[in-house]
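Colleague: This is the structure I have questions about; it appears just below.
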Amino acid sequence: MMIDPDAPSAAAPRAAPIRHWVVVDIPGAGLAKGDISGGMVASPYHQPGPPPGSGYHRYGQFIFEQPTPQLADFKPFEGSIALWNYTAFINTYALGEKVASNFLLAEA
């Protein structure tokens, strides 16, 4: 998953977090090679695009190990990408602790 916790700005994150990308059901063998093409795009990629003058935005990328090869009863996300409750997503699918993370900073 990739999220922006600084929308519309770090000083006033009223729309945060923004869901920028979610891919599920990525086979481990593919992931080990950097290949996520075997996964299901649950929320399409939205490139970073902080509003001008809003300062730096942090974009976090997180990988979780799924408890099963496929998430049961999972459907791609619909609707707004703002105010995404990623904690509920993690808890609903029992994803547990993250196994890898990274972040980038972007400013308009």
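In the structure tokens, each chain is lettered A, B, ... as it comes, each chain's residues begin at 1, and ligands are numbered from 1 in order of appearance.
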What's the 9 Å shell around Pro69 in chain A, counting only C-alpha atoms, without same-chain residues fewer than 6 positions away, as a PyMOL selection string?

Modeller: chain A and resi 25-28

Colleague: Please produce an output containing C-alpha atoms for each residue in the selection, written as an mmCIF file, in the first residue's frame.

Modeller:
data_model
loop_
_atom_site.group_PDB
_atom_site.id
_atom_site.type_symbol
_atom_site.label_atom_id
_atom_site.label_comp_id
_atom_site.auth_asym_id
_atom_site.auth_seq_id
_atom_site.Cartn_x
_atom_site.Cartn_y
_atom_site.Cartn_z
ATOM 1 C CA ASP A 25 -2.519 -11.204 -3.446
ATOM 2 C CA ILE A 26 1.025 -10.723 -4.759
ATOM 3 C CA PRO A 27 2.724 -14.122 -5.002
ATOM 4 C CA GLY A 28 5.764 -14.226 -2.711
#

Colleague: Ile3 in chain A: which residues within 10 Å, counting only C-alpha atoms, same-chain residues fewer than 2 positions away excluded, as a list in words?

Modeller: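 Those residues are Met1, Pro5, Asp6, Ala7, Ala16, Pro17, Ile18, Arg19, His20, Trp21, Val22, His46, Pro48, Arg58, Tyr59, Gly60, Gln61, Phe62, Ile81, Ala82, Trp84, Tyr86 and Phe103 of chain A.
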
Colleague: Would you export the selected residues with N, CA, C and O atoms as a PDB file, in the first residue's frame, please?

Modeller:
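What ended up in result.pdb:
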ATOM      1  N   MET A   1       0.839  -1.170   0.000  1.00  0.00           N
ATOM      2  CA  MET A   1       0.000   0.000   0.000  1.00  0.00           C
ATOM      3  C   MET A   1       0.880   1.227   0.000  1.00  0.00           C
ATOM      4  O   MET A   1       2.019   1.185   0.459  1.00  0.00           O
ATOM      5  N   PRO A   5      -0.033  10.759   4.391  1.00  0.00           N
ATOM      6  CA  PRO A   5      -0.655  11.208   5.635  1.00  0.00           C
ATOM      7  C   PRO A   5      -0.701  12.729   5.786  1.00  0.00           C
ATOM      8  O   PRO A   5      -1.071  13.221   6.853  1.00  0.00           O
ATOM      9  N   ASP A   6      -0.339  13.464   4.735  1.00  0.00           N
ATOM     10  CA  ASP A   6      -0.193  14.916   4.834  1.00  0.00           C
ATOM     11  C   ASP A   6      -1.128  15.688   3.904  1.00  0.00           C
ATOM     12  O   ASP A   6      -0.753  16.719   3.356  1.00  0.00           O
ATOM     13  N   ALA A   7      -2.349  15.242   3.724  1.00  0.00           N
ATOM     14  CA  ALA A   7      -3.255  15.906   2.781  1.00  0.00           C
ATOM     15  C   ALA A   7      -4.309  16.723   3.523  1.00  0.00           C
ATOM     16  O   ALA A   7      -4.931  16.198   4.438  1.00  0.00           O
ATOM     17  N   ALA A  16      -6.445  13.433   5.133  1.00  0.00           N
ATOM     18  CA  ALA A  16      -5.496  12.322   5.234  1.00  0.00           C
ATOM     19  C   ALA A  16      -6.075  11.169   6.040  1.00  0.00           C
ATOM     20  O   ALA A  16      -6.933  11.371   6.887  1.00  0.00           O
ATOM     21  N   PRO A  17      -5.572   9.995   5.795  1.00  0.00           N
ATOM     22  CA  PRO A  17      -4.595   9.684   4.749  1.00  0.00           C
ATOM     23  C   PRO A  17      -5.261   9.491   3.388  1.00  0.00           C
ATOM     24  O   PRO A  17      -6.422   9.105   3.298  1.00  0.00           O
ATOM     25  N   ILE A  18      -4.489   9.759   2.367  1.00  0.00           N
ATOM     26  CA  ILE A  18      -4.912   9.525   0.993  1.00  0.00           C
ATOM     27  C   ILE A  18      -4.396   8.153   0.578  1.00  0.00           C
ATOM     28  O   ILE A  18      -3.236   7.825   0.793  1.00  0.00           O
ATOM     29  N   ARG A  19      -5.272   7.363  -0.008  1.00  0.00           N
ATOM     30  CA  ARG A  19      -4.898   6.028  -0.513  1.00  0.00           C
ATOM     31  C   ARG A  19      -4.351   6.214  -1.927  1.00  0.00           C
ATOM     32  O   ARG A  19      -5.075   6.530  -2.851  1.00  0.00           O
ATOM     33  N   HIS A  20      -3.052   6.025  -2.092  1.00  0.00           N
ATOM     34  CA  HIS A  20      -2.423   6.227  -3.397  1.00  0.00           C
ATOM     35  C   HIS A  20      -2.266   4.943  -4.192  1.00  0.00           C
ATOM     36  O   HIS A  20      -2.130   5.006  -5.420  1.00  0.00           O
ATOM     37  N   TRP A  21      -2.266   3.804  -3.522  1.00  0.00           N
ATOM     38  CA  TRP A  21      -2.071   2.556  -4.272  1.00  0.00           C
ATOM     39  C   TRP A  21      -2.218   1.384  -3.319  1.00  0.00           C
ATOM     40  O   TRP A  21      -1.684   1.409  -2.210  1.00  0.00           O
ATOM     41  N   VAL A  22      -2.943   0.359  -3.749  1.00  0.00           N
ATOM     42  CA  VAL A  22      -3.028  -0.885  -2.979  1.00  0.00           C
ATOM     43  C   VAL A  22      -3.040  -2.051  -3.967  1.00  0.00           C
ATOM     44  O   VAL A  22      -3.839  -2.072  -4.910  1.00  0.00           O
ATOM     45  N   HIS A  46      -2.071   6.364  -7.863  1.00  0.00           N
ATOM     46  CA  HIS A  46      -2.257   7.803  -8.026  1.00  0.00           C
ATOM     47  C   HIS A  46      -0.913   8.432  -7.683  1.00  0.00           C
ATOM     48  O   HIS A  46      -0.478   8.356  -6.532  1.00  0.00           O
ATOM     49  N   PRO A  48       2.105  10.930  -6.706  1.00  0.00           N
ATOM     50  CA  PRO A  48       2.165  12.049  -5.783  1.00  0.00           C
ATOM     51  C   PRO A  48       1.905  13.367  -6.509  1.00  0.00           C
ATOM     52  O   PRO A  48       2.366  13.574  -7.627  1.00  0.00           O
ATOM     53  N   ARG A  58       4.736  13.386   2.890  1.00  0.00           N
ATOM     54  CA  ARG A  58       5.364  12.075   3.035  1.00  0.00           C
ATOM     55  C   ARG A  58       4.485  11.060   2.323  1.00  0.00           C
ATOM     56  O   ARG A  58       3.268  11.071   2.479  1.00  0.00           O
ATOM     57  N   TYR A  59       5.080  10.205   1.540  1.00  0.00           N
ATOM     58  CA  TYR A  59       4.370   9.116   0.874  1.00  0.00           C
ATOM     59  C   TYR A  59       4.986   7.821   1.371  1.00  0.00           C
ATOM     60  O   TYR A  59       6.152   7.538   1.104  1.00  0.00           O
ATOM     61  N   GLY A  60       4.206   7.082   2.149  1.00  0.00           N
ATOM     62  CA  GLY A  60       4.702   5.843   2.728  1.00  0.00           C
ATOM     63  C   GLY A  60       4.274   4.646   1.909  1.00  0.00           C
ATOM     64  O   GLY A  60       3.129   4.580   1.449  1.00  0.00           O
ATOM     65  N   GLN A  61       5.205   3.729   1.696  1.00  0.00           N
ATOM     66  CA  GLN A  61       4.904   2.460   1.028  1.00  0.00           C
ATOM     67  C   GLN A  61       5.143   1.351   2.048  1.00  0.00           C
ATOM     68  O   GLN A  61       6.172   1.339   2.726  1.00  0.00           O
ATOM     69  N   PHE A  62       4.177   0.435   2.135  1.00  0.00           N
ATOM     70  CA  PHE A  62       4.225  -0.611   3.150  1.00  0.00           C
ATOM     71  C   PHE A  62       3.884  -1.960   2.535  1.00  0.00           C
ATOM     72  O   PHE A  62       2.964  -2.054   1.719  1.00  0.00           O
ATOM     73  N   ILE A  81     -10.543   8.393  -2.403  1.00  0.00           N
ATOM     74  CA  ILE A  81      -9.262   7.894  -1.877  1.00  0.00           C
ATOM     75  C   ILE A  81      -8.857   8.668  -0.626  1.00  0.00           C
ATOM     76  O   ILE A  81      -7.879   8.322   0.028  1.00  0.00           O
ATOM     77  N   ALA A  82      -9.615   9.711  -0.280  1.00  0.00           N
ATOM     78  CA  ALA A  82      -9.321  10.520   0.904  1.00  0.00           C
ATOM     79  C   ALA A  82      -9.856   9.849   2.163  1.00  0.00           C
ATOM     80  O   ALA A  82     -10.800   9.056   2.121  1.00  0.00           O
ATOM     81  N   TRP A  84      -8.785   7.496   4.042  1.00  0.00           N
ATOM     82  CA  TRP A  84      -8.802   6.034   3.999  1.00  0.00           C
ATOM     83  C   TRP A  84      -8.395   5.463   5.348  1.00  0.00           C
ATOM     84  O   TRP A  84      -7.349   5.803   5.898  1.00  0.00           O
ATOM     85  N   TYR A  86      -6.781   2.902   6.748  1.00  0.00           N
ATOM     86  CA  TYR A  86      -5.883   1.779   6.474  1.00  0.00           C
ATOM     87  C   TYR A  86      -5.784   0.834   7.666  1.00  0.00           C
ATOM     88  O   TYR A  86      -5.567  -0.361   7.489  1.00  0.00           O
ATOM     89  N   PHE A 103       9.641   5.367   2.256  1.00  0.00           N
ATOM     90  CA  PHE A 103       8.871   6.576   2.040  1.00  0.00           C
ATOM     91  C   PHE A 103       9.634   7.515   1.131  1.00  0.00           C
ATOM     92  O   PHE A 103      10.842   7.350   0.922  1.00  0.00           O
TER      93      PHE A 103
END

Colleague: For Phe89 in chain A, work out the shell of residues within 12 Å, counting only C-alpha atoms and skipping chain neighbours fewer than 5 positions away, then give it as a list of chain:residue names.

Modeller: A:Met1, A:Arg19, A:Val22, A:Val24, A:Ala42, A:Phe64, A:Gln66, A:Leu71, A:Phe74, A:Lys75, A:Pro76, A:Phe77, A:Trp84, A:Ala94, A:Leu95, A:Gly96

Colleague: Looking at only C-alpha atoms, which of A:Ser54, A:Glu65, A:Thr92, A:Asn85 is the one that sits closest to Ser9 in chain A?

Modeller: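 Closest candidate: A:Ser54.
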
Colleague: Per DSSP on the backbone, what are the helix (DSSP H, G or I) residues of chain A, as a list in words?

Modeller: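 DSSP-assigned helix (DSSP H, G or I) residues in chain A: Gly28, Ala29, Gly30, Leu31, Ala32, Tyr86, Thr87, Ala88, Phe89, Ile90, Asn91 and Thr92 of chain A.
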
Colleague: Determine the nearest neighbour of Leu83 in chain A from the options A:Asp4, A:Ala15, A:Ser37, A:Ala29, counting only C-alpha atoms.

Modeller: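 Result for the nearest residue to Leu83 in chain A: A:Ala15.
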
Colleague: Report the distance between CA of Ile63 in chain A and CA of Val99 in chain A in Å, rounded to one decimal place.

Modeller: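 Distance reported for this atom pair: 5.7 Å.
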
Colleague: Rounded to one decimal, what separation in Å do you get between CA of Lys33 in chain A and CA of Ser101 in chain A?

Modeller: 16.4 Å

Colleague: Return as a PyMOL selection string the full set of residues in chain A whose backbone-based DSSP assignment is strand (DSSP E or B).

Modeller: chain A and resi 2-4+18-24+40-43+57-64+98-106
